[in-house]
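For reference, data08.txt (compact mmCIF, C-alpha atoms):
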```txt
# COMPACT_ATOMS: atom_id res chain seq x y z
CA MET A 1 80.60 -7.00 27.64
CA GLU A 2 82.20 -3.57 27.24
CA VAL A 3 84.08 -2.87 24.02
CA LEU A 4 87.38 -1.04 24.44
CA THR A 5 88.13 1.45 21.68
CA VAL A 6 91.73 2.35 20.96
CA LYS A 7 93.51 5.27 19.35
CA THR A 8 96.96 5.54 17.76
CA CYS A 9 99.16 8.43 18.83
CA THR A 10 100.27 10.30 15.71
CA LYS A 11 103.61 11.21 17.34
CA CYS A 12 104.87 7.87 18.73
CA ASN A 13 102.47 5.51 16.89
CA SER A 14 101.63 3.67 20.09
CA ILE A 15 98.14 2.26 20.48
CA LYS A 16 96.36 3.27 23.67
CA PRO A 17 92.81 3.24 25.03
CA GLU A 18 90.77 6.07 23.53
CA ASP A 19 90.02 7.98 26.70
CA ALA A 20 90.89 11.17 28.56
CA GLN A 21 93.38 9.31 30.73
CA HIS A 22 95.62 8.60 27.73
CA PHE A 23 94.79 11.53 25.40
CA ARG A 24 94.10 15.16 26.34
CA VAL A 25 90.57 16.42 25.81
CA ASN A 26 90.27 18.72 22.79
CA LYS A 27 86.70 19.79 22.04
CA ARG A 28 87.74 21.30 18.70
CA LEU A 29 88.44 17.86 17.27
CA LYS A 30 85.70 15.49 16.09
CA SER A 31 86.89 12.69 18.38
CA GLY A 32 87.11 15.10 21.32
CA LEU A 33 90.67 13.96 22.05
CA ASP A 34 94.12 15.18 20.95
CA SER A 35 96.00 13.23 18.32
CA TRP A 36 99.11 12.94 20.53
CA CYS A 37 99.02 10.76 23.64
CA ARG A 38 99.52 12.46 27.00
CA ASP A 39 103.09 11.15 27.30
CA CYS A 40 104.12 12.69 23.96
CA ALA A 41 102.28 15.95 24.65
CA ASN A 42 103.91 16.28 28.08
CA GLU A 43 107.38 15.47 26.74
CA TYR A 44 107.00 18.01 23.93
CA ARG A 45 105.71 20.69 26.30
CA ASN A 46 108.46 20.14 28.87
CA ASN A 47 111.24 20.07 26.26
CA ARG A 48 109.93 23.15 24.50
CA ARG A 49 109.97 25.13 27.74
CA LYS A 50 113.64 24.32 28.25
CA THR A 51 114.91 25.22 24.80
CA ILE A 52 115.80 28.47 23.14
CA PRO A 53 113.34 30.00 20.67
CA PRO A 54 113.22 28.27 17.27
CA LYS A 55 115.34 29.85 14.52
CA GLU A 56 112.19 30.29 12.41
CA TRP A 57 111.13 33.06 14.81
CA ASN A 58 114.01 35.21 13.44
CA ILE A 59 114.67 36.70 16.86
CA PRO A 60 117.77 38.93 17.18
CA GLN A 61 120.60 37.44 19.25
CA GLU A 62 120.03 40.00 22.04
CA GLN A 63 116.44 38.79 22.40
CA VAL A 64 117.53 35.13 22.37
CA GLU A 65 119.85 35.93 25.29
CA ARG A 66 116.99 37.70 27.12
CA PHE A 67 114.80 34.64 26.48
CA ILE A 68 117.43 32.30 27.95
CA ASP A 69 117.92 34.61 30.97
CA ALA A 70 114.16 34.74 31.55
CA LYS A 71 113.91 30.94 31.28
CA GLN A 72 116.49 30.61 34.05
CA THR A 73 114.64 33.04 36.34
CA GLU A 74 112.85 31.17 39.10
CA GLU A 75 110.73 34.01 40.52
CA CYS A 76 108.13 36.26 38.94
CA VAL A 77 109.60 39.75 38.67
CA ILE A 78 106.29 41.28 39.80
CA CYS A 79 105.05 39.18 42.73
CA GLY A 80 107.92 36.80 43.58
CA LEU A 81 106.00 33.54 43.04
CA ALA A 82 107.41 30.82 40.80
CA ALA A 83 108.03 32.11 37.26
CA GLU A 84 106.16 30.02 34.70
CA VAL A 85 106.19 32.04 31.47
CA VAL A 86 108.44 34.32 29.45
CA ASP A 87 106.63 37.64 29.02
CA HIS A 88 106.99 39.61 25.81
CA ASP A 89 105.60 42.74 24.19
CA HIS A 90 102.98 41.65 21.65
CA LYS A 91 103.59 44.69 19.44
CA THR A 92 107.39 44.57 19.23
CA GLY A 93 108.12 40.96 20.23
CA ARG A 94 110.67 42.24 22.78
CA ILE A 95 111.14 39.85 25.69
CA ARG A 96 110.57 41.61 29.00
CA GLY A 97 111.17 38.92 31.62
CA ALA A 98 109.79 35.95 33.53
CA LEU A 99 106.38 36.08 35.22
CA CYS A 100 103.99 33.78 36.99
CA GLN A 101 100.87 32.86 35.03
CA ARG A 102 98.62 35.21 37.04
CA CYS A 103 100.77 38.30 36.56
CA ASN A 104 101.23 37.51 32.87
CA MET A 105 97.48 37.18 32.38
CA GLY A 106 96.88 40.29 34.47
CA LEU A 107 99.06 42.35 32.14
CA GLY A 108 97.19 40.89 29.20
CA HIS A 109 93.81 41.74 30.71
CA PHE A 110 94.99 45.34 30.98
CA ARG A 111 96.13 45.15 27.34
CA ASP A 112 99.77 45.77 28.37
CA ASN A 113 98.78 49.40 28.92
CA PRO A 114 100.67 51.15 31.77
CA LEU A 115 98.01 53.87 32.00
CA LEU A 116 95.27 51.31 32.58
CA LEU A 117 97.38 49.59 35.23
CA GLN A 118 98.07 52.93 36.91
CA GLN A 119 94.35 53.78 36.91
CA ALA A 120 93.57 50.35 38.38
CA ALA A 121 96.17 50.82 41.13
CA LEU A 122 94.72 54.23 42.02
CA TYR A 123 91.24 52.73 42.06
CA LEU A 124 92.35 50.02 44.48
CA LEU A 125 93.90 52.70 46.69
CA GLY A 126 90.63 54.64 46.62
CA GLU A 127 92.17 57.54 44.74
CA CYS A 128 91.78 59.20 41.37
CA ALA A 129 94.48 60.32 38.95
CA CYS A 130 93.38 63.96 39.21
CA GLY A 131 93.52 63.93 43.01
CA GLU A 132 90.22 65.83 43.27
CA CYS A 133 87.63 63.08 42.89
CA ASP A 134 85.90 61.28 45.72
CA VAL A 135 86.19 57.66 44.60
CA LYS A 136 83.60 55.35 46.13
CA TRP A 137 83.19 51.64 45.49
CA GLY A 138 79.89 49.95 44.81
CA GLY A 139 78.74 51.70 41.65
CA SER A 140 78.52 55.27 42.99
CA THR A 141 81.87 56.47 41.61
CA LYS A 142 82.02 60.14 40.70
CA LEU A 143 83.29 60.36 37.14
CA CYS A 144 86.61 62.13 36.75
CA VAL A 145 86.65 65.00 34.31
CA ASN A 146 90.11 66.30 35.20
CA GLY A 147 91.95 62.95 35.14
CA ASN A 148 90.22 61.44 32.15
CA VAL A 149 92.84 59.32 30.39
CA ASN A 150 92.42 58.03 26.86
CA VAL A 151 93.50 54.38 27.04
CA ASN A 152 92.44 53.16 23.61
```
Take the structure in the file and write it out as structure tokens.
Amino acid sequence: MEVLTVKTCTKCNSIKPEDAQHFRVNKRLKSGLDSWCRDCANEYRNNRRKTIPPKEWNIPQEQVERFIDAKQTEECVICGLAAEVVDHDHKTGRIRGALCQRCNMGLGHFRDNPLLLQQAALYLLGECACGECDVKWGGSTKLCVNGNVNVN
């Protein structure tokens, strides 16, 4: 006979089976499962996406308005797919617009650095910033001395 273990959701206090179907997996916790049930976690996540930023963030009114505008944007401003996140500058906190998850992560992978993105675009086009280099793919790229850009 199989014994069913249960877990109490710390948000709604409901008792549910202690499994990944009812609680999200969280490897950082000893039990391996979140303390909130999936229903509470989903409700919180969905409601949070629809609201304005919390007052504790101390965001200027202009930025709150940009946040609301970005939340209402349906398309990513870069690629045109469905917008899923509000993008912001990590240094200044300034809200830039709405992006899809891939474009948002892409900017992050390039450390929000326009020079890196420009170099990457030139690389994809088979060009170099200096215009003199013969860029070749497959590990035999000629290093650019003229167009060397400090991106750190």
Notebook entry, point to check: At what distance in Å, to one decimal, does CA of Val77 (chain A) lie from CA of Leu116 (chain A)?
Noted result: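 Rounded to one decimal, the two atoms are 19.4 Å apart.
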Item checked: Nearest-residue call for Thr8 (chain A), choices A:Ser35, A:Asn104, A:Asn113, A:Asn58, using all atoms listed in the file ->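 Nearest candidate to Thr8 (chain A) out of A:Ser35, A:Asn104, A:Asn113, A:Asn58: A:Ser35.
Going from CA of Ile78 (chain A) to CA of Cys103 (chain A) covers 7.1 Å.
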Note to self: Just to confirm, what's the straight-line distance from CA of Pro17 (chain A) to CA of Tyr44 (chain A) in Å (one decimal)?
What the structure shows: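 Those two atoms sit 20.5 Å apart.
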Next item on the list: Please write as a PyMOL selection string the list of polymer residues whose atoms come within 12 Å of (119.8, 35.9, 25.6), counting all atoms listed in the file and keeping to the coordinates of the file.
Entry: chain A and resi 51-53+59-72+94-97
Could region 22-52 of chain A be completed with N, CA and C atoms and written as a PDB file, in the frame of the given file, please?
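Okay, this is what ended up in out_37.pdb:
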```pdb
ATOM      1  N   HIS A  22      94.474   8.812  28.609  1.00  0.00           N
ATOM      2  CA  HIS A  22      95.620   8.600  27.730  1.00  0.00           C
ATOM      3  C   HIS A  22      95.797   9.682  26.666  1.00  0.00           C
ATOM      4  N   PHE A  23      94.734  10.452  26.374  1.00  0.00           N
ATOM      5  CA  PHE A  23      94.790  11.530  25.400  1.00  0.00           C
ATOM      6  C   PHE A  23      94.102  12.751  25.992  1.00  0.00           C
ATOM      7  N   ARG A  24      94.709  13.934  25.812  1.00  0.00           N
ATOM      8  CA  ARG A  24      94.100  15.160  26.340  1.00  0.00           C
ATOM      9  C   ARG A  24      92.791  15.467  25.626  1.00  0.00           C
ATOM     10  N   VAL A  25      91.846  16.022  26.381  1.00  0.00           N
ATOM     11  CA  VAL A  25      90.570  16.420  25.810  1.00  0.00           C
ATOM     12  C   VAL A  25      90.776  17.644  24.930  1.00  0.00           C
ATOM     13  N   ASN A  26      90.196  17.606  23.731  1.00  0.00           N
ATOM     14  CA  ASN A  26      90.270  18.720  22.790  1.00  0.00           C
ATOM     15  C   ASN A  26      88.919  18.806  22.086  1.00  0.00           C
ATOM     16  N   LYS A  27      88.069  19.694  22.556  1.00  0.00           N
ATOM     17  CA  LYS A  27      86.700  19.790  22.040  1.00  0.00           C
ATOM     18  C   LYS A  27      86.638  20.262  20.595  1.00  0.00           C
ATOM     19  N   ARG A  28      87.733  20.827  20.088  1.00  0.00           N
ATOM     20  CA  ARG A  28      87.740  21.300  18.700  1.00  0.00           C
ATOM     21  C   ARG A  28      87.846  20.154  17.699  1.00  0.00           C
ATOM     22  N   LEU A  29      88.285  18.993  18.163  1.00  0.00           N
ATOM     23  CA  LEU A  29      88.440  17.860  17.270  1.00  0.00           C
ATOM     24  C   LEU A  29      87.189  16.977  17.316  1.00  0.00           C
ATOM     25  N   LYS A  30      86.900  16.326  16.209  1.00  0.00           N
ATOM     26  CA  LYS A  30      85.700  15.490  16.090  1.00  0.00           C
ATOM     27  C   LYS A  30      85.669  14.392  17.161  1.00  0.00           C
ATOM     28  N   SER A  31      86.823  13.775  17.396  1.00  0.00           N
ATOM     29  CA  SER A  31      86.890  12.690  18.380  1.00  0.00           C
ATOM     30  C   SER A  31      86.808  13.213  19.812  1.00  0.00           C
ATOM     31  N   GLY A  32      87.112  14.513  19.991  1.00  0.00           N
ATOM     32  CA  GLY A  32      87.110  15.100  21.320  1.00  0.00           C
ATOM     33  C   GLY A  32      88.416  14.892  22.077  1.00  0.00           C
ATOM     34  N   LEU A  33      89.385  14.239  21.424  1.00  0.00           N
ATOM     35  CA  LEU A  33      90.670  13.960  22.050  1.00  0.00           C
ATOM     36  C   LEU A  33      91.810  14.370  21.123  1.00  0.00           C
ATOM     37  N   ASP A  34      92.943  14.810  21.723  1.00  0.00           N
ATOM     38  CA  ASP A  34      94.120  15.180  20.950  1.00  0.00           C
ATOM     39  C   ASP A  34      94.636  13.994  20.140  1.00  0.00           C
ATOM     40  N   SER A  35      95.432  14.302  19.131  1.00  0.00           N
ATOM     41  CA  SER A  35      96.000  13.230  18.320  1.00  0.00           C
ATOM     42  C   SER A  35      97.276  12.657  18.947  1.00  0.00           C
ATOM     43  N   TRP A  36      97.934  13.431  19.816  1.00  0.00           N
ATOM     44  CA  TRP A  36      99.110  12.940  20.530  1.00  0.00           C
ATOM     45  C   TRP A  36      98.679  12.386  21.878  1.00  0.00           C
ATOM     46  N   CYS A  37      99.304  11.311  22.304  1.00  0.00           N
ATOM     47  CA  CYS A  37      99.020  10.760  23.640  1.00  0.00           C
ATOM     48  C   CYS A  37      99.546  11.732  24.702  1.00  0.00           C
ATOM     49  N   ARG A  38      99.091  11.571  25.917  1.00  0.00           N
ATOM     50  CA  ARG A  38      99.520  12.460  27.000  1.00  0.00           C
ATOM     51  C   ARG A  38     101.028  12.434  27.206  1.00  0.00           C
ATOM     52  N   ASP A  39     101.640  11.256  27.102  1.00  0.00           N
ATOM     53  CA  ASP A  39     103.090  11.150  27.300  1.00  0.00           C
ATOM     54  C   ASP A  39     103.849  12.006  26.276  1.00  0.00           C
ATOM     55  N   CYS A  40     103.457  11.910  25.009  1.00  0.00           N
ATOM     56  CA  CYS A  40     104.120  12.690  23.960  1.00  0.00           C
ATOM     57  C   CYS A  40     103.863  14.183  24.133  1.00  0.00           C
ATOM     58  N   ALA A  41     102.631  14.534  24.457  1.00  0.00           N
ATOM     59  CA  ALA A  41     102.280  15.950  24.650  1.00  0.00           C
ATOM     60  C   ALA A  41     103.065  16.546  25.813  1.00  0.00           C
ATOM     61  N   ASN A  42     103.161  15.795  26.919  1.00  0.00           N
ATOM     62  CA  ASN A  42     103.910  16.280  28.080  1.00  0.00           C
ATOM     63  C   ASN A  42     105.397  16.407  27.781  1.00  0.00           C
ATOM     64  N   GLU A  43     105.961  15.432  27.084  1.00  0.00           N
ATOM     65  CA  GLU A  43     107.380  15.470  26.740  1.00  0.00           C
ATOM     66  C   GLU A  43     107.668  16.675  25.838  1.00  0.00           C
ATOM     67  N   TYR A  44     106.826  16.884  24.840  1.00  0.00           N
ATOM     68  CA  TYR A  44     107.000  18.010  23.930  1.00  0.00           C
ATOM     69  C   TYR A  44     106.921  19.332  24.689  1.00  0.00           C
ATOM     70  N   ARG A  45     105.913  19.451  25.533  1.00  0.00           N
ATOM     71  CA  ARG A  45     105.710  20.690  26.300  1.00  0.00           C
ATOM     72  C   ARG A  45     106.883  20.974  27.222  1.00  0.00           C
ATOM     73  N   ASN A  46     107.341  19.955  27.934  1.00  0.00           N
ATOM     74  CA  ASN A  46     108.460  20.140  28.870  1.00  0.00           C
ATOM     75  C   ASN A  46     109.754  20.465  28.140  1.00  0.00           C
ATOM     76  N   ASN A  47     110.022  19.797  27.022  1.00  0.00           N
ATOM     77  CA  ASN A  47     111.240  20.070  26.260  1.00  0.00           C
ATOM     78  C   ASN A  47     111.199  21.441  25.624  1.00  0.00           C
ATOM     79  N   ARG A  48     110.044  21.851  25.147  1.00  0.00           N
ATOM     80  CA  ARG A  48     109.930  23.150  24.500  1.00  0.00           C
ATOM     81  C   ARG A  48     110.194  24.284  25.487  1.00  0.00           C
ATOM     82  N   ARG A  49     109.762  24.103  26.722  1.00  0.00           N
ATOM     83  CA  ARG A  49     109.970  25.130  27.740  1.00  0.00           C
ATOM     84  C   ARG A  49     111.444  25.304  28.079  1.00  0.00           C
ATOM     85  N   LYS A  50     112.235  24.272  27.862  1.00  0.00           N
ATOM     86  CA  LYS A  50     113.640  24.320  28.250  1.00  0.00           C
ATOM     87  C   LYS A  50     114.547  24.824  27.141  1.00  0.00           C
ATOM     88  N   THR A  51     114.053  24.880  25.922  1.00  0.00           N
ATOM     89  CA  THR A  51     114.910  25.220  24.800  1.00  0.00           C
ATOM     90  C   THR A  51     114.864  26.698  24.468  1.00  0.00           C
ATOM     91  N   ILE A  52     115.797  27.094  23.627  1.00  0.00           N
ATOM     92  CA  ILE A  52     115.800  28.470  23.140  1.00  0.00           C
ATOM     93  C   ILE A  52     114.742  28.601  22.055  1.00  0.00           C
TER      94      ILE A  52
END
```
